[in-house]
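Here's entry-v3.txt, which has compact mmCIF, C-alpha atoms:
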```txt
# COMPACT_ATOMS: atom_id res chain seq x y z
CA MET Z 63 0.00 0.00 0.00
CA PHE Z 64 2.69 2.46 1.03
CA TYR Z 65 5.97 3.31 -0.62
CA LYS Z 66 7.94 0.95 1.67
CA HIS Z 67 6.49 -1.93 -0.30
CA ASN Z 68 8.50 -0.59 -3.23
CA ASN Z 69 12.04 0.03 -2.02
CA ASN Z 70 13.05 1.72 -5.28
CA TYR Z 71 12.13 5.39 -5.36
CA THR Z 72 13.40 8.90 -6.10
CA VAL Z 73 12.43 12.17 -4.42
CA GLU Z 74 13.58 15.77 -4.82
CA SER Z 75 13.73 19.10 -3.05
CA VAL Z 76 14.58 22.63 -4.14
CA THR Z 77 16.28 25.56 -2.44
CA SER Z 78 14.53 28.70 -1.25
CA GLY Z 79 15.95 30.44 -4.32
CA HIS Z 80 14.19 28.18 -6.81
CA PRO Z 81 11.73 30.32 -8.85
CA ASP Z 82 8.65 28.37 -7.74
CA LYS Z 83 9.72 28.56 -4.10
CA VAL Z 84 10.37 32.29 -4.37
CA CYS Z 85 6.72 32.63 -5.39
CA ASP Z 86 5.53 30.38 -2.56
CA GLN Z 87 7.47 32.46 -0.03
CA ILE Z 88 6.09 35.74 -1.33
CA SER Z 89 2.53 34.40 -1.23
CA ASP Z 90 2.93 33.10 2.33
CA ALA Z 91 4.66 36.29 3.48
CA ILE Z 92 1.64 38.26 2.25
CA LEU Z 93 -0.67 35.81 4.03
CA ASP Z 94 1.26 36.19 7.29
CA ALA Z 95 1.20 39.97 6.97
CA TYR Z 96 -2.59 39.91 6.72
CA LEU Z 97 -2.98 37.49 9.63
CA THR Z 98 -0.75 39.70 11.77
CA LEU Z 99 -3.17 42.59 11.24
CA ASP Z 100 -6.40 40.58 11.19
CA PRO Z 101 -6.33 36.91 12.30
CA LYS Z 102 -9.63 36.28 10.49
CA SER Z 103 -8.32 37.44 7.14
CA ARG Z 104 -9.29 35.32 4.17
CA VAL Z 105 -6.47 35.18 1.72
CA ALA Z 106 -5.87 33.41 -1.57
CA VAL Z 107 -2.77 34.94 -3.18
CA GLU Z 108 -0.91 33.62 -6.19
CA THR Z 109 2.46 34.90 -7.36
CA PHE Z 110 3.96 34.54 -10.82
CA GLY Z 111 7.47 35.72 -11.60
CA GLY Z 112 10.11 35.56 -14.25
CA HIS Z 113 12.65 37.58 -16.24
CA GLY Z 114 12.50 40.75 -14.17
CA THR Z 115 8.74 40.79 -13.67
CA LEU Z 116 6.51 39.70 -10.77
CA LEU Z 117 2.71 39.56 -10.79
CA ILE Z 118 0.69 39.14 -7.59
CA GLY Z 119 -3.00 38.25 -7.92
CA GLY Z 120 -5.77 36.81 -5.82
CA GLU Z 121 -8.65 37.40 -3.48
CA VAL Z 122 -8.50 38.88 0.02
CA THR Z 123 -11.05 39.87 2.63
CA SER Z 124 -9.42 41.54 5.63
CA LYS Z 125 -9.56 44.50 8.00
CA GLY Z 126 -5.84 44.96 7.40
CA ASN Z 127 -4.00 46.54 4.50
CA VAL Z 128 -0.56 45.36 3.44
CA ASP Z 129 1.99 46.58 0.92
CA TYR Z 130 2.32 43.66 -1.49
CA VAL Z 131 5.16 45.25 -3.42
CA GLU Z 132 7.35 45.93 -0.39
CA ILE Z 133 6.72 42.44 1.02
CA ALA Z 134 7.69 40.85 -2.30
CA LYS Z 135 10.84 42.97 -2.55
CA LYS Z 136 11.90 42.05 0.99
CA VAL Z 137 11.36 38.33 0.44
CA TYR Z 138 13.33 38.49 -2.79
CA ARG Z 139 16.22 40.34 -1.12
CA ASP Z 140 16.23 38.06 1.93
CA ILE Z 141 16.50 34.99 -0.29
CA GLY Z 142 19.65 36.47 -1.78
CA TYR Z 143 18.65 38.05 -5.07
CA PRO Z 144 19.20 41.71 -6.04
CA ASP Z 145 16.11 43.89 -5.82
CA GLN Z 146 15.49 44.27 -9.55
CA LEU Z 147 11.90 43.30 -10.17
CA LYS Z 148 9.05 45.14 -11.83
CA ILE Z 149 6.15 44.22 -9.54
CA SER Z 150 2.42 44.62 -10.14
CA ALA Z 151 -0.54 43.40 -8.07
CA ASN Z 152 -4.23 42.82 -8.69
CA ILE Z 153 -6.05 41.73 -5.52
CA VAL Z 154 -9.85 41.68 -5.27
CA LYS Z 155 -12.35 40.78 -2.55
CA GLN Z 156 -13.29 37.12 -2.05
CA SER Z 157 -16.28 35.95 -4.09
CA PRO Z 158 -19.53 36.39 -2.13
CA ASP Z 159 -20.63 32.98 -3.41
CA ILE Z 160 -17.69 31.36 -1.59
CA ALA Z 161 -17.93 33.65 1.44
CA MET Z 162 -21.56 32.66 1.95
CA GLY Z 163 -20.56 29.10 2.84
CA VAL Z 164 -17.35 29.94 4.70
CA ASP Z 165 -19.14 32.50 6.91
CA THR Z 166 -21.13 29.65 8.49
CA GLY Z 167 -18.04 27.51 9.12
CA GLY Z 168 -18.11 25.53 5.92
CA ALA Z 169 -15.16 24.39 3.85
CA GLY Z 170 -13.63 27.02 1.57
CA ASP Z 171 -13.42 24.53 -1.27
CA GLN Z 172 -14.24 20.97 -2.22
CA GLY Z 173 -11.56 18.32 -2.61
CA ILE Z 174 -9.57 15.47 -1.11
CA MET Z 175 -6.63 15.84 1.27
CA TYR Z 176 -4.08 13.34 2.56
CA GLY Z 177 -1.72 13.06 5.50
CA TYR Z 178 1.00 10.52 6.21
CA ALA Z 179 3.49 9.56 8.90
CA SER Z 180 6.11 6.85 9.31
CA ASP Z 181 8.35 5.69 12.13
CA GLU Z 182 11.29 5.51 9.70
CA THR Z 183 12.86 8.80 10.83
CA PRO Z 184 12.61 11.15 13.85
CA GLU Z 185 10.70 13.53 11.56
CA MET Z 186 8.19 10.72 10.92
CA LEU Z 187 8.74 11.08 7.18
CA PRO Z 188 10.34 8.85 4.54
CA LYS Z 189 14.13 8.93 4.75
CA GLY Z 190 14.50 10.13 1.18
CA VAL Z 191 12.21 13.12 1.75
CA VAL Z 192 14.18 14.15 4.85
CA LEU Z 193 17.55 13.77 3.11
CA ALA Z 194 16.53 15.70 -0.01
CA HIS Z 195 15.35 18.63 2.13
CA LYS Z 196 18.49 18.56 4.28
CA LEU Z 197 20.70 18.71 1.20
CA ALA Z 198 18.78 21.68 -0.21
CA LYS Z 199 18.69 23.48 3.13
CA ARG Z 200 22.42 22.94 3.56
CA LEU Z 201 23.06 24.67 0.24
CA GLN Z 202 21.27 27.73 1.57
CA GLU Z 203 23.02 27.63 4.94
CA MET Z 204 26.52 27.30 3.50
CA ARG Z 205 25.84 30.16 1.11
CA GLU Z 206 24.41 32.46 3.78
CA LYS Z 207 27.26 31.73 6.19
CA GLY Z 208 29.80 32.44 3.47
CA LYS Z 209 31.30 28.96 3.71
CA ILE Z 210 31.07 28.49 -0.07
CA LYS Z 211 31.62 31.91 -1.63
CA TRP Z 212 30.50 31.07 -5.16
CA LEU Z 213 27.11 29.56 -4.29
CA ARG Z 214 24.02 31.37 -5.58
CA PRO Z 215 20.40 30.94 -4.37
CA ASP Z 216 18.88 28.62 -6.99
CA GLY Z 217 19.29 24.86 -6.68
CA LYS Z 218 17.73 21.41 -6.65
CA THR Z 219 18.53 18.15 -4.88
CA GLN Z 220 17.44 14.60 -5.59
CA VAL Z 221 18.04 11.22 -3.99
CA THR Z 222 17.41 7.71 -5.30
CA PHE Z 223 16.99 4.61 -3.18
CA LYS Z 224 17.29 1.09 -4.56
CA ASP Z 225 16.36 -1.96 -2.51
CA GLY Z 226 15.94 0.38 0.43
CA LYS Z 227 19.51 1.72 0.24
CA LEU Z 228 20.76 5.09 -0.96
CA GLU Z 229 22.01 4.67 -4.51
CA THR Z 230 22.36 8.19 -5.99
CA VAL Z 231 22.59 11.76 -4.73
CA LEU Z 232 22.10 14.52 -7.28
CA VAL Z 233 22.77 18.19 -6.52
CA SER Z 234 22.33 20.97 -9.05
CA THR Z 235 23.36 24.35 -7.68
CA GLN Z 236 23.65 27.81 -9.13
CA HIS Z 237 27.12 29.36 -8.89
CA THR Z 238 29.01 32.46 -9.92
CA LYS Z 239 30.98 32.74 -13.14
CA GLY Z 240 34.55 31.53 -13.31
CA VAL Z 241 34.18 28.48 -11.08
CA LYS Z 242 35.34 25.26 -12.70
CA LEU Z 243 33.11 22.21 -12.64
CA ASP Z 244 35.78 20.12 -10.89
CA GLU Z 245 35.81 22.56 -7.99
CA VAL Z 246 32.01 22.65 -7.81
CA LYS Z 247 31.86 18.84 -7.70
CA LYS Z 248 34.61 18.56 -5.09
CA VAL Z 249 33.26 21.24 -2.75
CA ILE Z 250 29.61 20.21 -3.02
CA THR Z 251 30.52 16.59 -2.36
CA GLU Z 252 32.74 17.35 0.62
CA LYS Z 253 30.79 20.19 2.24
CA ILE Z 254 27.17 19.53 1.29
CA ILE Z 255 26.75 15.81 0.68
CA TRP Z 256 29.24 13.90 2.87
CA PRO Z 257 28.21 15.49 6.20
CA LEU Z 258 24.68 14.15 5.72
CA LEU Z 259 25.58 10.55 4.83
CA SER Z 260 26.59 7.60 6.99
CA LYS Z 261 29.85 5.71 6.44
CA ASP Z 262 28.01 2.87 4.73
CA GLU Z 263 26.14 5.25 2.44
CA LYS Z 264 29.37 6.95 1.38
CA LYS Z 265 30.89 3.63 0.27
CA ASN Z 266 28.45 2.86 -2.51
CA VAL Z 267 26.57 6.06 -3.35
CA LYS Z 268 26.81 7.59 -6.82
CA ILE Z 269 27.29 11.37 -6.73
CA LEU Z 270 26.07 13.69 -9.49
CA VAL Z 271 26.77 17.42 -9.30
CA ASN Z 272 25.62 19.92 -11.96
CA PRO Z 273 25.29 17.31 -14.73
CA THR Z 274 24.85 19.97 -17.44
CA GLY Z 275 28.37 21.24 -16.75
CA GLN Z 276 27.52 24.64 -15.31
CA PHE Z 277 24.64 26.46 -13.59
CA ILE Z 278 25.37 30.19 -13.71
CA GLN Z 279 22.02 31.64 -14.75
CA GLY Z 280 19.27 30.87 -12.24
CA GLY Z 281 16.20 32.17 -10.44
CA PHE Z 282 13.89 34.52 -12.35
CA GLU Z 283 16.76 35.34 -14.71
CA ALA Z 284 16.61 31.82 -16.13
CA ASP Z 285 13.09 30.59 -15.44
CA THR Z 286 9.59 31.54 -14.41
CA GLY Z 287 8.11 30.60 -11.06
CA LEU Z 288 4.57 30.08 -9.83
CA THR Z 289 2.92 29.59 -6.45
CA GLY Z 290 1.89 26.00 -5.82
CA ARG Z 291 3.97 24.29 -8.48
CA LYS Z 292 6.05 22.22 -6.05
CA ILE Z 293 3.33 20.34 -4.18
CA MET Z 294 5.29 17.08 -4.04
CA VAL Z 295 8.32 18.88 -2.61
CA ASP Z 296 5.94 20.47 -0.09
CA THR Z 297 4.50 17.13 1.05
CA TYR Z 298 5.76 13.56 0.68
CA GLY Z 299 7.89 13.57 -2.46
CA GLY Z 300 5.27 11.85 -4.59
CA LEU Z 301 5.56 8.69 -2.50
CA ILE Z 302 2.17 9.32 -0.91
CA PRO Z 303 -1.02 10.63 -2.62
CA HIS Z 304 -1.64 14.35 -2.83
CA GLY Z 305 -5.16 15.70 -3.26
CA GLY Z 306 -4.12 18.28 -5.82
CA GLY Z 307 -4.48 21.60 -4.02
CA CYS Z 308 -1.39 23.55 -3.04
CA PHE Z 309 -0.85 25.26 0.33
CA SER Z 310 1.03 28.54 -0.03
CA GLY Z 311 -0.88 31.81 -0.16
CA LYS Z 312 -4.06 30.29 1.29
CA ASP Z 313 -5.51 31.05 4.70
CA SER Z 314 -6.72 28.17 6.85
CA THR Z 315 -10.40 28.33 5.84
CA LYS Z 316 -9.16 26.68 2.65
CA VAL Z 317 -9.32 22.95 3.37
CA ASP Z 318 -6.57 22.39 0.80
CA ARG Z 319 -4.30 23.66 3.55
CA CYS Z 320 -5.90 23.17 6.95
CA ALA Z 321 -7.22 19.66 6.27
CA ALA Z 322 -3.92 18.49 4.81
CA TYR Z 323 -2.21 19.74 7.97
CA MET Z 324 -4.85 18.02 10.09
CA CYS Z 325 -4.39 14.75 8.21
CA ARG Z 326 -0.63 14.93 8.84
CA TYR Z 327 -1.26 15.72 12.52
CA VAL Z 328 -3.62 12.75 12.87
CA ALA Z 329 -1.33 10.35 10.97
CA LYS Z 330 1.63 11.34 13.12
CA ASN Z 331 -0.35 10.83 16.30
CA LEU Z 332 -1.62 7.43 15.14
CA VAL Z 333 1.95 6.24 14.60
CA ALA Z 334 3.15 7.76 17.87
CA ALA Z 335 0.35 5.98 19.71
CA GLY Z 336 1.34 2.62 18.26
CA PHE Z 337 -1.53 2.10 15.83
CA GLY Z 338 0.95 1.36 13.05
CA LYS Z 339 4.45 1.91 11.78
CA GLU Z 340 2.88 3.96 9.00
CA ALA Z 341 -0.45 5.73 8.77
CA LEU Z 342 -2.29 7.30 5.85
CA VAL Z 343 -5.25 9.57 6.57
CA SER Z 344 -7.59 11.02 3.94
CA VAL Z 345 -10.56 13.38 4.10
CA ALA Z 346 -12.95 14.90 1.55
CA TYR Z 347 -15.16 18.01 1.65
CA ALA Z 348 -17.95 19.74 -0.22
CA ILE Z 349 -17.56 23.50 -0.55
CA GLY Z 350 -19.62 25.40 2.02
CA MET Z 351 -20.24 22.31 4.19
CA ALA Z 352 -18.51 21.87 7.55
CA GLU Z 353 -18.81 18.10 7.99
CA PRO Z 354 -16.43 16.07 5.81
CA LEU Z 355 -17.91 13.77 3.21
CA MET Z 356 -15.29 11.14 4.04
CA ILE Z 357 -12.71 10.37 6.70
CA GLU Z 358 -10.48 7.35 6.13
CA ALA Z 359 -7.34 6.08 7.84
CA ILE Z 360 -5.29 2.91 7.44
CA ASN Z 361 -1.93 1.60 8.60
CA GLU Z 362 0.72 -0.32 6.65
CA LYS Z 363 -1.13 -3.58 7.30
CA GLY Z 364 -4.29 -2.24 5.74
CA GLU Z 365 -6.07 -2.07 9.10
CA ASN Z 366 -8.86 0.49 9.19
CA LEU Z 367 -8.24 3.21 11.78
CA ALA Z 368 -11.09 5.51 10.75
CA GLU Z 369 -13.19 4.90 13.86
CA ILE Z 370 -10.27 5.81 16.11
CA VAL Z 371 -9.78 9.00 14.10
CA ARG Z 372 -13.45 9.99 14.26
CA LYS Z 373 -13.49 9.42 18.01
CA ASN Z 374 -10.45 11.61 18.69
CA PHE Z 375 -10.39 14.30 16.00
CA ASP Z 376 -12.84 16.88 14.67
CA PHE Z 377 -12.33 17.62 10.98
CA ARG Z 378 -14.73 20.55 10.67
CA PRO Z 379 -12.69 23.48 9.32
CA LEU Z 380 -13.26 25.84 12.26
CA SER Z 381 -12.39 23.04 14.70
CA ILE Z 382 -9.16 22.35 12.81
CA ILE Z 383 -8.30 26.06 12.84
CA GLU Z 384 -8.88 26.24 16.58
CA ARG Z 385 -7.07 23.01 17.45
CA LEU Z 386 -3.98 23.82 15.39
CA GLY Z 387 -3.96 27.58 15.96
CA LEU Z 388 -4.12 28.34 12.27
CA ARG Z 389 -5.09 31.98 12.56
CA ASN Z 390 -1.53 32.76 13.66
CA PRO Z 391 1.02 34.06 11.10
CA VAL Z 392 3.12 30.90 10.98
CA PHE Z 393 2.99 30.03 7.31
CA ASN Z 394 6.01 31.67 5.73
CA GLN Z 395 8.30 29.18 7.52
CA THR Z 396 6.55 26.36 5.64
CA ALA Z 397 7.10 27.84 2.17
CA ALA Z 398 10.51 26.21 1.63
CA TYR Z 399 11.89 22.75 2.52
CA GLY Z 400 8.53 21.13 3.16
CA HIS Z 401 5.47 21.72 5.29
CA PHE Z 402 6.06 18.66 7.47
CA GLY Z 403 8.76 17.37 9.79
CA LYS Z 404 9.68 20.79 11.17
CA LYS Z 405 9.71 21.61 14.85
CA ASN Z 406 7.43 24.19 16.46
CA LEU Z 407 4.56 23.67 14.01
CA SER Z 408 1.25 22.82 15.66
CA TRP Z 409 0.41 20.00 13.24
CA GLU Z 410 3.69 18.29 14.17
CA LYS Z 411 2.75 17.97 17.86
CA ILE Z 412 2.19 14.59 19.50
CA ASP Z 413 -0.98 14.45 21.61
CA LYS Z 414 -2.56 11.59 23.47
CA ILE Z 415 -5.13 9.49 21.62
CA LYS Z 416 -7.83 7.87 23.75
```

Would you mind writing the file's structure down as structure tokens?
Amino acid sequence: MFYKHNNNYTVESVTSGHPDKVCDQISDAILDAYLTLDPKSRVAVETFGGHGTLLIGGEVTSKGNVDYVEIAKKVYRDIGYPDQLKISANIVKQSPDIAMGVDTGGAGDQGIMYGYASDETPEMLPKGVVLAHKLAKRLQEMREKGKIKWLRPDGKTQVTFKDGKLETVLVSTQHTKGVKLDEVKKVITEKIIWPLLSKDEKKNVKILVNPTGQFIQGGFEADTGLTGRKIMVDTYGGLIPHGGGCFSGKDSTKVDRCAAYMCRYVAKNLVAAGFGKEALVSVAYAIGMAEPLMIEAINEKGENLAEIVRKNFDFRPLSIIERLGLRNPVFNQTAAYGHFGKKNLSWEKIDKIK
């Protein structure tokens, strides 16, 4: 049922400077700014950028007013890019047809959401997902600390497991001009990859660094980016189902976000309570209705855990928001390196199941 039954898999991550992730971070920074001013803000913000231009669009209903352009510029600078974007925004009020259902506590959209947890790692995520994120995050950290002078913000990481063992590590990283490929390979291997691998993994792993030969042009200079285009990086690496909706830029009345977080929270607590080594939780909603149309949960043995979930957890959107504290401006920290497995996030807490 779960990915462990197929020990051959590949997952990826991207750095905070990847064009899609830049857009996710801008969208979530705008969301957090609204929630700081008005915790009941309803926000659905999309960001599209590329080649010197950034467009912010969406729907917002809030008592607060924020400066989209300044927020976007700050995010862009903080990531490590020069402030050279032509930015425009078109934000309108949320559709009254949607608001009518949300006002009464109903779901902000229809759809299916999933959550997963495993006892494989301390983060309760698949090992490959954790490693791919650590590699990408380490690229950012080494660049920001000045440990590798020629690193630039854009980058991607990828890991492949075969028969349950690490087979390949792939790192593609943007760099400044004038750096030879041999140096890039040597430094990335020694300073980024080796510190994250065990002795056994180092013996047999295949290392690939910048396979095209160079990666000088990156970010919006090389590519376009769009909010919500890295949903597998955000969740479980494609190893576990994803309902389809992205997270970034959406306030917690959108079940795409709050219910996916709740499913992760429930799955993690099921595993922690000993109901399985793995748990997969799924839920479905109709727009404007508070009660889910479906709540399902199983472990790696295929045992049905849905009754335990229904007894212990309330999946109505307002109940999720209250239980997980989702009116707080906590979302920008999720916009890079995954929404799960991080400390200090309410949906990562372990609580007692009766």

Contact residues around region 241-244 of chain Z with all atoms listed in the file at 9 Å, ignoring same-chain residues under 2 positions, as a PyMOL selection string: chain Z and resi 212+237-239+246-249+271-272+275-276

Report as number ranges by chain all protein, DNA and RNA residues lying within 8 Å of region 132-136 of chain Z, evaluated on only C-alpha atoms, omitting residues in the same chain fewer than 6 positions from it. Z: 88, 91-92, 145, 147

Skipping near chain neighbours, those fewer than 3 positions away, what residues fall within 10 Å of Val345 (chain Z) using all atoms listed in the file, listed as a list in words? Gly173, Ile174, Met175, Tyr176, Gly177, Gly305, Val317, Ala321, Ala322, Met324, Cys325, Pro354, Leu355, Met356, Ile357, Glu358, Ala359 and Phe377 of chain Z

Could you check which of Z:Pro101, Z:Ala368, Z:Ile278, Z:Phe309 is closest to Glu384 (chain Z), using all atoms listed in the file? Z:Pro101

Adding 4 Å on each side of the box along x, y and z that holds all listed atoms of region 79-98 of chain Z, could you give its centre and edge lengths in Å to one decimal, as lines of an AutoDock Vina configuration file?
```
center_x = 6.5
center_y = 34.1
center_z = 1.5
size_x = 26.9
size_y = 19.8
size_z = 28.6
```

Spatial neighbours of Lys339 (chain Z), 7 Å, all atoms listed in the file, chain gap at least 4 places, as a VMD selection string: chain Z and resid 180 to 181 333 362

Tell me, as a ChimeraX atom specification, which residues lie within 6 Å of Ala151 (chain Z), counting all atoms listed in the file; anything in the same chain fewer than 2 positions away does not count. /Z:117-119

With distances taken over only C-alpha atoms, which residue among Z:Thr115, Z:Asn70, Z:Ser408, Z:Thr109 lies nearest Lys224 (chain Z)?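 Closest residue, counting only C-alpha atoms: Z:Asn70.
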
For Glu353 (chain Z), which of Z:Ala169, Z:Thr222, Z:Gly306, Z:Leu386 is the closest residue, counting all atoms listed in the file?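 Of the candidates, the smallest distance to Glu353 (chain Z) is held by Z:Ala169.
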
Distance of CA of Val267 (chain Z) from CA of Pro81 (chain Z), expressed in Å to one decimal place: 29.0 Å
